[in-house]
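Heads up, the thing below is written out as structure tokens.
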Protein chains: 2
Amino acid sequence: MNKFSFEIKKKMDGLGRAGVITTPHGQIQTPAFVVVGTKANVKGITPEMLEDVGAQVVLANTYHLYLEPGDEIVAEAGGFPNMMNWNGPTMTDSGGFQVFSLGEAFGTGVSKVASGEEIVVSERKGYSKTNKNAFIDEDGVTFRSHIDGSKHRFTPERSMEIQWNLGADMIFAFDECTSPLADHTYQQEAMERTHRWAERSLKRHNELDPDNIQALFGVVQGGRFQDLREESARTLGAMDFDGFGIGGSFNKDDMAQAVGWVNSILPEDKPRHMLGIGEPMDIFAGVENGCDLFDCVSPTRVARHGRIYTKNGSINLKNARFKSDFMPLEEGCHCYTCQNYTRAYVSHLLRSSEMLGQTLGSIHNLYFIVKLVDDIRQSMYDGRFEKYKKEFTDRYYEKKK
Amino acid sequence: MNKFSFEIKKKMDGLGRAGVITTPHGQIQTPAFVVVGTKANVKGITPEMLEDVGAQVVLANTYHLYLEPGDEIVAEAGGFPNMMNWNGPTMTDSGGFQVFSLGEAFGTGVSKVASGEEIVVSERKGYSKTNKNAFIDEDGVTFRSHIDGSKHRFTPERSMEIQWNLGADMIFAFDECTSPLADHTYQQEAMERTHRWAERSLKRHNELDPDNIQALFGVVQGGRFQDLREESARTLGAMDFDGFGIGGSFNKDDMAQAVGWVNSILPEDKPRHMLGIGEPMDIFAGVENGCDLFDCVSPTRVARHGRIYTKNGSINLKNARFKSDFMPLEEGCHCYTCQNYTRAYVSHLLRSSEMLGQTLGSIHNLYFIVKLVDDIRQSMYDGRFEKYKKEFTDRYYEKKK
């Protein structure tokens, strides 16, 4: 019995669509913003606050929970959703992105071992300029913990086993996340490996979860190259996944185009998750190019540093001009923070390094971005997406006062 | 019209009593634990969470709010209770304690200027071993901000003006907080100055607030010396204060005794606040020696470091043995944290430096200490205080398993 389904309710002229994902823990109206709860909690936010901002679904990071507290402890706790007391739909990522971007320190630069030969990726414009690394071979990735430097290994099979322990409704096949700067040769090699890992992920998933309690998404790679993105979409689209992630970093300029290449090929009847993307303009671009889910740490991360979203663009509450500004963070906003506190108060808390300031700012930014995607979805049902997009982006990206 | 009143509802055999304080923002059942919201917020805790833990009254620190965001901005916001969205009774302290313990850096050691002569208090066992100082003269105290080193001056009149701007229901006369180690000569000198400052505080308070919207508490000093404590209680007790604070640091051993000396003399019909005290044993000692109010940062401060109160003594959730302990923080506890999360989860959050862990721990500890004082009060009404005290302390201070 497959407890997971996706239904398209409304199509736009191009690739865009609105629909409903059904999971064992409830439905998700799509397009939807997926709130990131890295270590089985959204930083400074209780599950009640999450409900209050309208969050439909929470994504936790496999890499982080594997290291702390460990996926076996999470399994004992009944899965990360139970552990954090979130009753709605959930996802975990594959661990691939963090392994490649956070795994630390065998040597200098990002490194790769293929066929026994070590190639330093950073020397050919690898994705990282910092002192981080991970060793890749055909079977998997060996990496060091960013916490204590201990050595670990992920394979597609391990990623499935860990994600089974973490217990989310939707999980991702193990993939290699490449740099947008990597060349065609490397991107192709990594993509082909990702496809082989996708098959292995599917196989292990089916062994662990014959009843399909968890839905498995494949991750399309291929970097900036049209031929590779299309090949990846064709190859993965032919496999028996419940949905798809679109991975890899993009440059702002060609992101919409690359997503369009992929979504023109992926099976229409399965949901598509644009991984790690969450700035307003990117969400509009993703939606009109056929993406259904978006996750990003930005709303809470930037809030902790004082950056607050408003319909007129973002403001930095640490700026001295907000010290005696007794307006809500955003006029007319219905979030808990704006209903009860002023810019002056949250500015005071943030400048004083009080964690409540980070919480109140995060509540507003999460409400803002969740509601933006809700409003986008409604504009699609109402047949006025283009109008809404123009109104919103004109105002948001207008030269700041 | 005085909007402030205190009524004793039940007396014990000795000095202890239970009663009700009425303020413009509601009643306080005494004895009561006063939650500390230093910078107009309880660290990591929303006002709704405060209500949920049963908090009756919040105390903010004059020194901190004077420096950040500044008392004039707080006045513009309608006072700190309005700013932080707390609708119940409130207090501010005099600023004296923080000025003496946090004011930084003219030279080395705690210093004092009397009659133009500088005396380094630390050389005669002053209260601080660190590089902090403040200069005291008859008129007031000059100190440097711990934030940016800027120079500031508090006098009794300034303290009243600042506390008027901060807008609490109950405020404190400006006092000099001395070290418990200071000798009789210095304690007497400081106490007599505190008495002169008390008169000046009263005078300025009556000018600022002819309608007695704010209740003013005098602060009894005198260190460890019986003659001084008694003289301070007699002198201040004869002044027209609405209540009294008992200030200064005590050694654990003689605290109960010193409080007893004071409360045998202070007018019975006015509430007494034991300043900065909040460990369970100290609260029992304060209650049976006639104190009505207790404030302390400990419940939230120790929670942020992982120390969690239970009826069997405190535990440190960062300890490895809690990694896979799926019990609530305290069995049978009805706080939000214990009702929804496990030791393993909060331990994971605290060890991962996630601020939600600090919030969840703080909620439990605040609930624990507020409820302890509630239970103490109930035991007084039921005529079983001694029995309750013995049961609680036997269990709490029993050798830890």
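By convention here, the chains of the structure tokens are called A, B, ... in the order presented, each chain's residues are numbered starting at 1, and ligands are numbered starting at 1 in the order presented.
Residues of chain A lying within 6 Å of chain B, counting only C-alpha atoms, are Gly44, Pro69, His348, Met355 and Leu356 of chain A.
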DSSP strand (DSSP E or B) residues within region 141-385 of chain A, as a PyMOL selection string: chain A and resi 141-144+151-154+170-172+215-220+243-246+272-274+293-296+307-310+313-316
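Across the model, the gap from CA of Ala32 (chain B) to CA of Ser159 (chain B) is 25.1 Å.
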Residues near region 299-306 of chain A, cut-off 6 Å, only C-alpha atoms, skip fewer than 4 positions along chain, as a list in words: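 The neighbour list is Asn316, Leu317, Lys318, Gln358, Gly361, Ser362, Asn365 and Leu366 of chain A.
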Pairwise distance for CA of Gly19 (chain A) and CA of Glu48 (chain A), rounded to one decimal in Å: 25.4 Å
Pick from A:Glu176, A:Asp292, A:Glu386, A:Asp183 nearest to Ile21 (chain A), counting only C-alpha atoms: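 Nearest to Ile21 (chain A): A:Asp292.
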Separation of CA of Thr185 (chain B) from CA of Gln257 (chain B), in Å and rounded to one decimal: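 One can read the CA of Thr185 (chain B) to CA of Gln257 (chain B) distance as 20.9 Å.
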Close residues, Arg196 (chain B) itself excluded, 12 Å, only C-alpha atoms, min 5 positions apart in chain, as JSON, numbers by chain: {"B": [138, 139, 140, 155, 156, 157, 173, 174, 175, 176, 189, 190, 191, 201, 202, 203, 218, 219, 232, 235, 236, 239]}
Considering only C-alpha atoms, give me a table of residues in region 136-208 of chain B that are at most 12 Å from region 265-282 of chain B, with the closest atom pair and distance in Å for each, as CSV.
```
residue,atom,partner,partner_atom,distance
B:Met170,CA,B:His273,CA,10.8
B:Ile171,CA,B:His273,CA,11.2
B:Phe172,CA,B:His273,CA,10.2
B:Cys177,CA,B:Leu275,CA,10.9
```
Keeping C-alpha atoms, export the residues of the selection given above as an mmCIF file, in the first residue's frame.
```
data_model
loop_
_atom_site.group_PDB
_atom_site.id
_atom_site.type_symbol
_atom_site.label_atom_id
_atom_site.label_comp_id
_atom_site.auth_asym_id
_atom_site.auth_seq_id
_atom_site.Cartn_x
_atom_site.Cartn_y
_atom_site.Cartn_z
ATOM 1 C CA MET B 170 6.887 48.142 42.063
ATOM 2 C CA ILE B 171 10.258 49.869 42.160
ATOM 3 C CA PHE B 172 13.199 50.051 44.575
ATOM 4 C CA CYS B 177 25.072 46.869 47.565
#
```
